[in-house]
Each structure stands twice: as structure tokens, then as C-alpha cells.
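Structure data (compact mmCIF, C-alpha atoms and all ligand atoms) from query-v2.txt:
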```txt
# COMPACT_ATOMS: atom_id res chain seq x y z
CA MET A 1 4.00 -80.99 -65.75
CA ILE A 2 7.59 -79.89 -66.05
CA ILE A 3 9.54 -81.74 -68.73
CA ARG A 4 13.31 -81.88 -68.77
CA GLU A 5 15.14 -83.36 -71.71
CA THR A 6 18.34 -85.27 -71.22
CA LYS A 7 20.77 -87.37 -73.23
CA ALA A 8 21.28 -90.94 -72.07
CA ARG A 9 24.61 -92.68 -72.43
CA SER A 10 23.06 -96.15 -72.24
CA ILE A 11 19.51 -97.44 -72.29
CA LEU A 12 19.42 -101.21 -72.09
CA LEU A 13 19.30 -102.45 -68.50
CA LYS A 14 20.75 -105.93 -68.30
CA HIS A 15 19.58 -108.20 -65.50
CA LYS A 16 22.13 -110.57 -63.99
CA LYS A 17 19.58 -113.38 -64.31
CA ILE A 18 16.49 -113.73 -66.46
CA ASP A 19 13.46 -112.19 -64.74
CA SER A 20 10.88 -114.96 -64.51
CA TRP A 21 8.02 -112.51 -63.83
CA PHE A 22 8.46 -110.72 -67.14
CA ILE A 23 10.48 -113.39 -69.06
CA SER A 24 13.00 -110.73 -69.69
CA ARG A 25 16.76 -110.32 -69.49
CA TYR A 26 16.63 -106.68 -70.52
CA GLY A 27 14.55 -103.66 -69.68
CA LEU A 28 14.58 -99.99 -70.55
CA ASN A 29 13.22 -96.74 -69.20
CA LEU A 30 12.49 -94.03 -71.75
CA TYR A 31 11.23 -91.59 -69.13
CA ARG A 32 12.31 -91.00 -65.57
CA GLY A 33 9.50 -89.89 -63.29
CA CYS A 34 5.84 -90.47 -64.07
CA ALA A 35 3.01 -88.02 -64.67
CA HIS A 36 0.53 -90.75 -63.78
CA ASN A 37 1.48 -90.11 -60.16
CA CYS A 38 -0.25 -93.13 -58.63
CA ILE A 39 -0.59 -92.56 -54.91
CA TYR A 40 1.17 -95.81 -53.95
CA CYS A 41 3.98 -95.60 -56.54
CA ASP A 42 7.28 -96.61 -55.00
CA GLY A 43 9.12 -94.66 -57.70
CA ARG A 44 8.50 -91.73 -55.36
CA SER A 45 10.75 -93.28 -52.71
CA GLU A 46 14.11 -91.61 -52.05
CA ARG A 47 15.73 -94.97 -52.83
CA TYR A 48 15.20 -94.53 -56.58
CA ARG A 49 16.66 -91.04 -56.71
CA VAL A 50 14.19 -89.63 -59.20
CA ASN A 51 14.98 -85.91 -59.50
CA GLY A 52 12.39 -83.26 -58.77
CA THR A 53 8.90 -83.73 -57.38
CA PHE A 54 7.55 -87.12 -58.39
CA GLY A 55 4.43 -86.72 -60.52
CA GLU A 56 5.32 -83.15 -61.49
CA HIS A 57 8.76 -83.47 -63.10
CA VAL A 58 9.51 -85.94 -65.87
CA THR A 59 12.87 -86.44 -67.54
CA VAL A 60 12.75 -87.49 -71.18
CA LYS A 61 15.70 -89.44 -72.57
CA ARG A 62 15.56 -87.69 -75.88
CA ASN A 63 18.21 -89.80 -77.66
CA ALA A 64 16.98 -93.12 -76.19
CA VAL A 65 16.13 -94.77 -79.50
CA GLU A 66 19.41 -93.84 -81.19
CA VAL A 67 21.39 -95.18 -78.19
CA LEU A 68 19.32 -98.35 -78.11
CA ALA A 69 19.89 -98.89 -81.84
CA GLY A 70 23.65 -98.97 -81.19
CA GLU A 71 23.22 -101.31 -78.23
CA LEU A 72 21.09 -103.79 -80.18
CA ASP A 73 23.21 -103.79 -83.34
CA PRO A 74 24.87 -107.23 -83.38
CA ASN A 75 27.78 -105.86 -85.46
CA ARG A 76 28.66 -103.41 -82.70
CA ARG A 77 28.44 -105.83 -79.79
CA ARG A 78 31.37 -107.73 -78.35
CA VAL A 79 29.07 -110.00 -76.31
CA LYS A 80 25.95 -111.36 -77.99
CA LEU A 81 22.68 -110.64 -76.22
CA LYS A 82 20.70 -113.68 -75.12
CA PRO A 83 17.16 -114.05 -76.47
CA SER A 84 14.30 -112.99 -74.20
CA TYR A 85 11.51 -110.45 -74.17
CA ILE A 86 12.70 -106.86 -73.83
CA MET A 87 10.65 -105.17 -71.16
CA LEU A 88 9.21 -101.82 -72.15
CA GLY A 89 7.76 -100.16 -69.07
CA GLY A 90 7.76 -100.53 -65.34
CA GLY A 91 10.58 -99.05 -63.33
CA VAL A 92 10.10 -95.43 -62.42
CA GLY A 93 8.07 -94.17 -65.35
CA ASP A 94 5.30 -95.51 -67.56
CA SER A 95 6.44 -95.59 -71.21
CA TYR A 96 2.94 -94.52 -72.27
CA GLN A 97 2.60 -91.52 -69.96
CA PRO A 98 1.37 -88.23 -71.50
CA ALA A 99 4.85 -87.09 -72.68
CA GLU A 100 4.83 -90.08 -75.05
CA GLN A 101 2.16 -88.37 -77.12
CA THR A 102 4.73 -85.74 -78.03
CA TYR A 103 8.00 -87.65 -78.00
CA LYS A 104 6.86 -91.02 -79.43
CA LEU A 105 9.88 -92.76 -77.89
CA ALA A 106 7.91 -95.94 -77.11
CA ARG A 107 6.58 -96.08 -80.67
CA ARG A 108 10.04 -95.65 -82.19
CA THR A 109 11.44 -98.23 -79.75
CA LEU A 110 8.79 -100.71 -80.87
CA GLN A 111 9.74 -100.11 -84.49
CA LEU A 112 13.39 -100.71 -83.66
CA LEU A 113 12.69 -103.91 -81.69
CA THR A 114 10.55 -105.17 -84.56
CA ASP A 115 13.29 -104.41 -87.10
CA TYR A 116 15.76 -106.36 -84.98
CA LYS A 117 13.17 -109.10 -84.35
CA TRP A 118 13.27 -108.74 -80.58
CA PRO A 119 10.13 -109.88 -78.72
CA VAL A 120 8.66 -107.14 -76.58
CA HIS A 121 6.71 -107.21 -73.34
CA ILE A 122 4.95 -103.93 -72.62
CA LEU A 123 3.65 -103.07 -69.15
CA THR A 124 1.54 -99.96 -68.80
CA LYS A 125 -1.49 -98.39 -67.16
CA SER A 126 -2.26 -96.23 -70.17
CA THR A 127 -4.64 -96.89 -73.03
CA LEU A 128 -2.34 -94.78 -75.22
CA VAL A 129 -0.61 -98.07 -76.06
CA GLU A 130 -3.50 -98.77 -78.42
CA ARG A 131 -2.05 -96.11 -80.74
CA ASP A 132 0.76 -98.60 -81.46
CA LEU A 133 -1.39 -101.64 -82.13
CA ASP A 134 -0.17 -101.74 -85.75
CA LEU A 135 3.47 -102.09 -84.69
CA ILE A 136 2.68 -104.50 -81.87
CA LYS A 137 0.83 -106.72 -84.34
CA GLU A 138 3.83 -106.60 -86.64
CA ASN A 139 6.18 -107.48 -83.78
CA ASN A 140 3.88 -110.32 -82.74
CA ARG A 141 4.01 -111.90 -86.20
CA GLN A 142 7.55 -113.05 -85.72
CA PRO A 143 9.26 -112.76 -82.40
CA GLY A 144 6.13 -112.42 -80.23
CA ALA A 145 4.62 -109.60 -78.19
CA ILE A 146 2.91 -109.45 -74.82
CA VAL A 147 0.94 -106.43 -73.63
CA SER A 148 0.29 -106.27 -69.90
CA PHE A 149 -1.69 -103.75 -67.91
CA SER A 150 -1.33 -103.14 -64.23
CA PHE A 151 -4.29 -102.83 -61.90
CA SER A 152 -4.85 -102.49 -58.18
CA SER A 153 -8.45 -103.69 -58.75
CA VAL A 154 -11.12 -103.41 -61.43
CA ASN A 155 -13.11 -100.91 -59.37
CA ASP A 156 -13.25 -97.51 -61.11
CA GLU A 157 -14.15 -95.56 -57.97
CA ILE A 158 -11.28 -96.90 -55.87
CA SER A 159 -8.93 -96.43 -58.82
CA SER A 160 -9.92 -92.75 -59.07
CA ARG A 161 -8.59 -92.27 -55.52
CA PHE A 162 -5.31 -94.12 -55.91
CA GLU A 163 -4.62 -93.80 -59.66
CA PRO A 164 -6.19 -90.41 -60.45
CA HIS A 165 -4.27 -89.71 -63.64
CA VAL A 166 -4.65 -92.93 -65.57
CA PRO A 167 -7.66 -94.27 -67.48
CA PRO A 168 -10.03 -96.15 -65.16
CA PRO A 169 -9.83 -99.95 -65.02
CA SER A 170 -12.94 -100.27 -67.21
CA GLU A 171 -11.12 -98.45 -70.04
CA ARG A 172 -7.94 -100.48 -69.54
CA LEU A 173 -10.04 -103.64 -69.76
CA ASN A 174 -11.66 -102.44 -73.00
CA THR A 175 -8.22 -101.83 -74.48
CA MET A 176 -7.11 -105.29 -73.40
CA THR A 177 -10.13 -106.77 -75.15
CA ARG A 178 -9.13 -105.03 -78.37
CA PHE A 179 -5.58 -106.37 -78.07
CA LYS A 180 -6.93 -109.86 -77.44
CA ASP A 181 -9.19 -109.53 -80.50
CA ALA A 182 -6.06 -108.65 -82.50
CA GLY A 183 -4.41 -111.89 -81.37
CA ILE A 184 -1.98 -110.32 -78.91
CA ALA A 185 -1.23 -112.10 -75.63
CA CYS A 186 -2.37 -109.94 -72.70
CA GLY A 187 -1.47 -110.10 -69.05
CA MET A 188 -2.88 -108.47 -65.97
CA PHE A 189 -0.46 -107.38 -63.27
CA LEU A 190 -2.69 -107.25 -60.22
CA LEU A 191 0.01 -105.32 -58.52
CA PRO A 192 -0.13 -103.81 -56.11
CA VAL A 193 -3.26 -104.77 -54.29
CA ILE A 194 -3.92 -102.10 -51.67
CA PRO A 195 -4.10 -103.54 -48.15
CA PHE A 196 -7.60 -103.84 -46.65
CA ILE A 197 -9.05 -102.02 -49.68
CA THR A 198 -8.45 -104.02 -52.86
CA ASP A 199 -6.99 -107.18 -51.31
CA THR A 200 -10.20 -108.52 -49.78
CA PRO A 201 -11.41 -111.94 -50.98
CA GLU A 202 -14.41 -110.27 -52.63
CA MET A 203 -12.29 -107.74 -54.54
CA ILE A 204 -9.67 -110.28 -55.64
CA THR A 205 -12.38 -112.68 -56.75
CA GLU A 206 -14.19 -109.96 -58.70
CA THR A 207 -10.94 -108.95 -60.39
CA LEU A 208 -10.07 -112.49 -61.42
CA GLN A 209 -13.58 -113.18 -62.62
CA THR A 210 -13.30 -110.09 -64.85
CA ALA A 211 -9.87 -111.23 -66.03
CA GLN A 212 -11.35 -114.57 -67.01
CA GLU A 213 -14.22 -112.90 -68.86
CA ILE A 214 -11.82 -111.03 -71.13
CA ASP A 215 -9.64 -114.13 -71.48
CA VAL A 216 -6.38 -112.71 -70.16
CA ASP A 217 -3.42 -115.02 -70.66
CA PHE A 218 -2.14 -114.70 -67.09
CA VAL A 219 -2.44 -112.68 -63.89
CA ILE A 220 0.66 -111.77 -61.89
CA PHE A 221 -0.19 -110.90 -58.31
CA GLY A 222 1.72 -108.81 -55.81
CA SER A 223 1.35 -106.74 -52.69
CA MET A 224 2.13 -103.10 -52.03
CA THR A 225 5.41 -101.87 -50.61
CA LEU A 226 5.39 -98.79 -48.43
CA LYS A 227 8.80 -97.29 -47.78
CA GLU A 228 9.35 -94.77 -45.03
CA GLY A 229 9.89 -91.25 -46.34
CA ARG A 230 8.26 -89.62 -49.36
CA GLN A 231 6.35 -92.71 -50.52
CA LYS A 232 4.69 -93.40 -47.17
CA ALA A 233 4.03 -89.73 -46.43
CA TYR A 234 2.27 -89.24 -49.78
CA PHE A 235 0.24 -92.43 -49.47
CA ASP A 236 -0.83 -91.53 -45.92
CA THR A 237 -2.46 -88.30 -47.07
CA VAL A 238 -4.92 -90.23 -49.24
CA LEU A 239 -5.41 -93.00 -46.70
CA LYS A 240 -6.29 -90.44 -44.03
CA THR A 241 -8.73 -88.68 -46.36
CA TYR A 242 -10.70 -91.71 -47.53
CA TYR A 243 -9.95 -94.53 -45.08
CA PRO A 244 -8.83 -92.98 -41.74
CA GLU A 245 -10.03 -96.04 -39.82
CA LEU A 246 -7.40 -98.20 -41.59
CA ALA A 247 -4.33 -96.35 -40.26
CA PRO A 248 -3.81 -98.70 -37.25
CA LYS A 249 -4.08 -101.78 -39.48
CA TYR A 250 -1.39 -100.37 -41.77
CA SER A 251 0.88 -99.82 -38.76
CA GLU A 252 0.40 -103.48 -37.88
CA ILE A 253 1.55 -104.86 -41.22
CA TYR A 254 4.18 -102.28 -42.23
CA ARG A 255 6.85 -102.40 -39.56
CA ASP A 256 9.96 -100.56 -40.68
CA ASP A 257 11.15 -103.03 -43.31
CA ALA A 258 13.93 -101.30 -45.28
CA TRP A 259 12.25 -102.21 -48.58
CA GLY A 260 8.78 -101.37 -47.32
CA HIS A 261 7.51 -104.94 -47.41
CA ALA A 262 4.53 -105.91 -45.29
CA ILE A 263 4.93 -108.70 -42.73
CA SER A 264 5.01 -112.28 -43.98
CA GLU A 265 1.71 -113.30 -42.30
CA TYR A 266 -0.03 -110.67 -44.42
CA HIS A 267 1.62 -111.98 -47.60
CA ARG A 268 0.65 -115.54 -46.79
CA SER A 269 -2.99 -114.61 -46.26
CA ILE A 270 -3.45 -112.61 -49.48
CA ASN A 271 -1.45 -115.13 -51.53
CA ALA A 272 -3.80 -117.86 -50.36
CA VAL A 273 -6.81 -115.83 -51.47
CA PHE A 274 -5.26 -115.10 -54.85
CA ASN A 275 -4.21 -118.71 -55.33
CA GLN A 276 -7.70 -119.99 -54.63
CA ALA A 277 -9.38 -117.47 -56.94
CA ALA A 278 -6.88 -118.00 -59.78
CA ARG A 279 -7.44 -121.76 -59.60
CA THR A 280 -11.21 -121.31 -59.48
CA TYR A 281 -11.14 -119.25 -62.67
CA LYS A 282 -8.34 -121.34 -64.21
CA ILE A 283 -6.09 -118.36 -64.84
CA PRO A 284 -2.32 -118.94 -65.14
CA ARG A 285 -0.46 -117.36 -62.23
CA ARG A 286 2.73 -116.92 -64.22
CA ILE A 287 3.35 -116.22 -67.92
CA PRO A 288 2.55 -119.54 -69.63
CA PRO A 289 5.52 -121.40 -71.19
CA ALA A 290 3.82 -121.47 -74.61
CA LEU A 291 4.63 -117.75 -74.86
CA TYR A 292 8.38 -118.20 -74.47
CA GLN A 293 9.52 -121.82 -74.76
CA ASP A 294 10.58 -121.26 -78.39
CA ILE A 295 12.34 -117.99 -77.57
CA LEU A 296 14.64 -118.58 -74.60
CA TRP A 297 18.11 -120.03 -74.36
CA GLU A 298 17.87 -123.50 -72.78
CA ASN A 299 19.39 -122.49 -69.42
CA ASP A 300 17.02 -119.54 -69.18
CA LEU A 301 14.01 -121.75 -69.91
CA VAL A 302 15.08 -124.07 -67.08
CA ILE A 303 15.61 -121.12 -64.70
CA VAL A 304 12.18 -119.67 -65.45
CA LEU A 305 10.33 -122.96 -65.08
CA LEU A 306 12.14 -123.81 -61.82
CA GLU A 307 11.35 -120.37 -60.38
CA HIS A 308 7.72 -120.76 -61.39
CA LEU A 309 7.60 -124.17 -59.70
CA ASP A 310 9.05 -122.60 -56.56
CA TYR A 311 6.35 -119.91 -56.67
CA PHE A 312 3.48 -122.38 -57.19
CA LEU A 313 4.68 -124.35 -54.17
CA GLN A 314 5.06 -121.18 -52.09
CA LEU A 315 1.44 -120.32 -52.88
CA GLU A 316 0.53 -123.70 -51.40
CA GLY A 317 2.53 -122.82 -48.28
CA LYS A 318 5.35 -125.24 -49.22
CA ARG A 319 9.09 -124.74 -49.51
CA SER A 320 11.35 -126.03 -52.26
CA SER A 321 14.94 -125.83 -53.44
CA PHE A 322 13.93 -124.96 -57.01
CA GLY A 323 14.64 -121.26 -56.54
CA TYR A 324 18.08 -122.04 -55.15
CA ALA A 325 18.83 -124.37 -58.08
CA ALA A 326 17.64 -121.71 -60.55
CA TYR A 327 20.00 -119.19 -59.02
CA ALA A 328 22.95 -121.60 -59.24
CA ILE A 329 22.12 -122.32 -62.91
CA SER A 330 22.06 -118.59 -63.63
CA LYS A 331 25.76 -118.49 -62.73
CA LEU A 332 26.67 -121.07 -65.39
CA ASN A 333 27.93 -120.13 -68.82
CA GLN A 334 27.87 -123.68 -70.08
CA PRO A 335 24.65 -124.94 -71.74
CA LEU A 336 22.91 -127.46 -69.49
CA SER A 337 22.55 -129.88 -72.40
CA THR A 338 26.34 -130.31 -72.39
CA MET A 339 26.38 -131.36 -68.75
CA LYS A 340 23.45 -133.77 -68.56
CA ASP A 341 25.46 -136.39 -66.66
CA LYS A 342 26.61 -133.99 -63.96
CA LEU A 343 23.53 -131.90 -63.21
CA THR A 344 23.53 -132.98 -59.56
CA THR A 345 26.87 -131.23 -59.09
CA ILE A 346 24.97 -127.93 -59.41
CA LYS A 347 24.02 -126.45 -56.04
CA GLY A 348 20.38 -127.15 -55.14
CA VAL A 349 19.94 -129.81 -57.85
CA GLY A 350 18.96 -133.16 -56.37
CA GLU A 351 17.55 -136.18 -58.17
CA LYS A 352 14.04 -134.79 -58.53
CA THR A 353 15.26 -131.47 -59.94
CA GLU A 354 17.65 -133.34 -62.22
CA GLN A 355 14.73 -135.28 -63.73
CA ILE A 356 12.77 -132.05 -64.23
CA ILE A 357 15.73 -130.37 -65.95
CA LEU A 358 16.33 -133.37 -68.22
CA GLU A 359 12.68 -133.37 -69.26
CA ILE A 360 12.81 -129.63 -70.01
CA LEU A 361 15.96 -130.07 -72.09
CA GLU A 362 14.32 -132.91 -73.98
CA THR A 363 10.81 -131.50 -74.51
CA ASP A 364 10.95 -127.76 -73.64
CA SER A 365 8.35 -128.46 -70.95
CA SER A 366 7.79 -130.30 -67.67
CA SER A 367 4.95 -132.60 -66.69
CA TYR A 368 5.42 -131.60 -63.04
CA TYR A 369 5.03 -127.96 -64.08
CA LYS A 370 1.80 -128.78 -65.87
CA THR A 371 0.44 -130.47 -62.75
CA LEU A 372 1.32 -127.59 -60.42
CA ALA A 373 0.23 -124.87 -62.85
CA ARG A 374 -3.33 -126.17 -62.98
S1 LIG A 401 1.99 -95.72 -63.77
FE1 LIG A 401 3.48 -96.97 -62.70
S2 LIG A 401 5.36 -95.75 -62.67
FE2 LIG A 401 3.68 -94.37 -63.17
S3 LIG A 401 3.07 -93.49 -61.21
FE3 LIG A 401 1.74 -95.27 -61.61
S4 LIG A 401 2.76 -96.98 -60.56
FE4 LIG A 401 4.28 -95.31 -60.78
```
For this file, produce the structure as C-alpha cells.
Amino acid sequence: MIIRETKARSILLKHKKIDSWFISRYGLNLYRGCAHNCIYCDGRSERYRVNGTFGEHVTVKRNAVEVLAGELDPNRRRVKLKPSYIMLGGGVGDSYQPAEQTYKLARRTLQLLTDYKWPVHILTKSTLVERDLDLIKENNRQPGAIVSFSFSSVNDEISSRFEPHVPPPSERLNTMTRFKDAGIACGMFLLPVIPFITDTPEMITETLQTAQEIDVDFVIFGSMTLKEGRQKAYFDTVLKTYYPELAPKYSEIYRDDAWGHAISEYHRSINAVFNQAARTYKIPRRIPPALYQDILWENDLVIVLLEHLDYFLQLEGKRSSFGYAAYAISKLNQPLSTMKDKLTTIKGVGEKTEQIILEILETDSSSYYKTLAR
């Protein structure tokens, strides 16, 4: 592994709209590049402009915590940050990759977020996160912490082919159990499932059954992207080694989409399998509102719940205007509670959506949401 140290000028990534997958308005990358080198990782794609050879070169943002401290300090900000989880992880480098053992940037970031009382949502594939259980517990006492692990399945043998440098799923599951025992909310990102390998009904069912057994708080599901260029070329080497017979099936579902998405028929079929299994095992398919309804600004709570409703309906093969309404609300600066009598002037908000929004503003929840989330 070749480590390069750099100085960052800014760290906090601000999303234009709250991210309803992670319940986060802000994210940060402490490392660029990832020694975990998962075979399917789209961080390898030319689109993300990660310098060097992905998996072999990692850039460490040495001053990340000092820069973040300045960005979070309310006395030094002209515009106040809106409350949400701050996402630690994801992007193009796992915050708990091996370099973290030396640099401890994630640990120091956690301490900073706890001092400033910012809730944190960690997403990782590494059991190294357990080192920081003390700080995560402290963070969880007031603002609230979520620790999520990503999986492509719970099968150790398949994982060893596609995720050769991370602890096997069985170890990740053991770590999750210890976090759950410590009272920390834990999520599983079943993302990506690998086409025709870990996306079969049997594999998805086995994964969700395991998730239920360790009492995960939610499972977020997603498919694999495969972008032409470095990402696809690297993935193909492993596919050809272990599953050469699948190459024609991959050509059928990945057809030159600029973002590497598979065709919509494929998405529909795996979403239906996931939806069925999640309902069978009664596992939330989005982060449950109880974990954020006391944290978010009212408009953000409405946006998240509307986007979740849109997703639940999509999983049932139905369309809705909730996503459109959520987007329009994200453009407003005015609190929705000050415009209760003119909600239908917002694009995408009809009478039904108006009633849902009013109920959320009144009670921080929605009875329609509760029905669809079951
Ligand atoms: S852990 Fe995440 S960022 Fe790192 S290589 Fe794997 S998929 Fe990519």
C-alpha cells in the first residue's frame, strides 16, 4: 500500500437536499482511495478521479479533523448548519480502512462530532470500528449514533472472491451484534448485490433472515453499477475466473448506461424479491423515523418521509408524486409550518400529500407511512 499525505482545504460535503438513505445533509471523506479494494467498487471508475491505482494508493487528508473543527464551529459560520446525521464513510474510501489504525482520523472525528453534539452515521465494511465503541456509545447518549455495515451477501466464500481485503460477513455480523448489545442502532446496507450471484431469491432470503436474527434496525438494498472502463475491466477479471458462464447474462443487463446502471427490468425483479423477503422478516426497508424524527428540521423530516413513501410504492411497482413533492420542498427556505394554508401551491403537492404533510407537522409521523412501511 502506498500512502500519500495531503492537506485538505475543506472536509464537510454539503448535499443540496437531505439524503433520505442516510438521513444526512453532510458527509465527509477522510481518505481518498481504499485499500479494501472490493472487486465491484465503483470508486475505481474514472468518473471519480481517484489518483493512482485504486486499491494500491491511498491519500490521507492529514489535517481533516482540524479543518472539520473550523467548519463545525458555530461561531465561525455565517450560515448555520441544519441538524441531521453526519455521514462518516462511503464515497471513495472506507473510513475504517487499514490506514486508520495509524492515523486515527475517524476516531478523532468521532470525538469532535460528539463534542459538538452532532449525530453520526457510520458506514463501513471493517470491524476496526469496534475500536471506537466507547466514543460511539458516548455520541449515542445525546445526539444519536447509527453504525451500518455494507454487505453483498452473508456468504463468507463469495465475499472472499469479491471483498478479499475486508473481514468476512460472519465477522461483520459478530461486530454488529456487539454494537446492538451496546444499545447502538445498526443497519445493513445490502449493497451492492452481485447480479446472478448474490441477488438470487435464496441468497437475499438467507441474508434477510440473518439480519432479522441479529435484530438489525433496517436493511437498505441496492444493485451493482458497472461503469465501462477501469471498474468493468477489473470486475470482469474476477467474473471470468470464477463465473465465466455468467458473462453473457451480464452483457444482457449492463448495456452502456453512462452511470453503469443495469436495465430497469432487472431492478424491478430484484426489488420485488427484496421487498417480499423484507416484509416476511418484518425488517424496515428504510431507516425508521424513530431514529431521526427528533433530530431533523421540519422540512427535512417531511422530505425524508415523502421520499420513503415514494420508495415503498416503487417496490410495489406503483408510481407516486411524493418524490417530486419532496424535491420541490427541498428548494424552500421557509418552514412548512408557516405555510400550512398554501401547501398545495408547492409543485407535486395535491390534497393527499397536503394531508400527509399536515399530519407530519402536527405529530412528527404519518399514519400512511406506518401502513406502507409494514
Ligand atoms: S470498502 Fe467500500 S470504498 Fe472501499 S473498496 Fe470496498 S466498496 Fe470501495
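Proximity to ligand LIG 401 (chain A) was assessed for A:Thr175, A:Ser24, A:Thr225, A:Asn75 counting all atoms listed in the file; the smallest distance is recorded for A:Thr225.
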Problem set entry | Non-local contacts of Trp118 (chain A) (8 Å; all atoms listed in the file; under 4 positions in same chain excluded) as a list of chain:residue names |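 The filter keeps A:Pro83, A:Ser84, A:Tyr85, A:Ile86, A:Leu113, A:Thr114, A:Asn139, A:Pro143.
Picture a line from CA of Pro119 (chain A) to CA of Gln142 (chain A); it runs 8.1 Å.
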For this session: Return as a ChimeraX atom specification every polymer residue, whether protein, DNA or RNA, with at least one atom no more than 10 Å from an atom of ligand LIG 401 (chain A); count all atoms listed in the file.
Result: /A:31-44,54-55,89-97,123-126,149-152,162-166,191-192
Problem set entry | Nearest candidate to Met176 (chain A) (options A:Asn333, A:Thr241, A:Gln101, A:Ser148; using all atoms listed in the file) |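 Among the listed residues, the smallest separation from Met176 (chain A) belongs to A:Ser148.
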Exercise. Counting all atoms listed in the file, which of A:Pro168, A:Gly144, A:Pro74, A:Pro195 gets nearest to Tyr250 (chain A)?
Worked result: A:Pro195
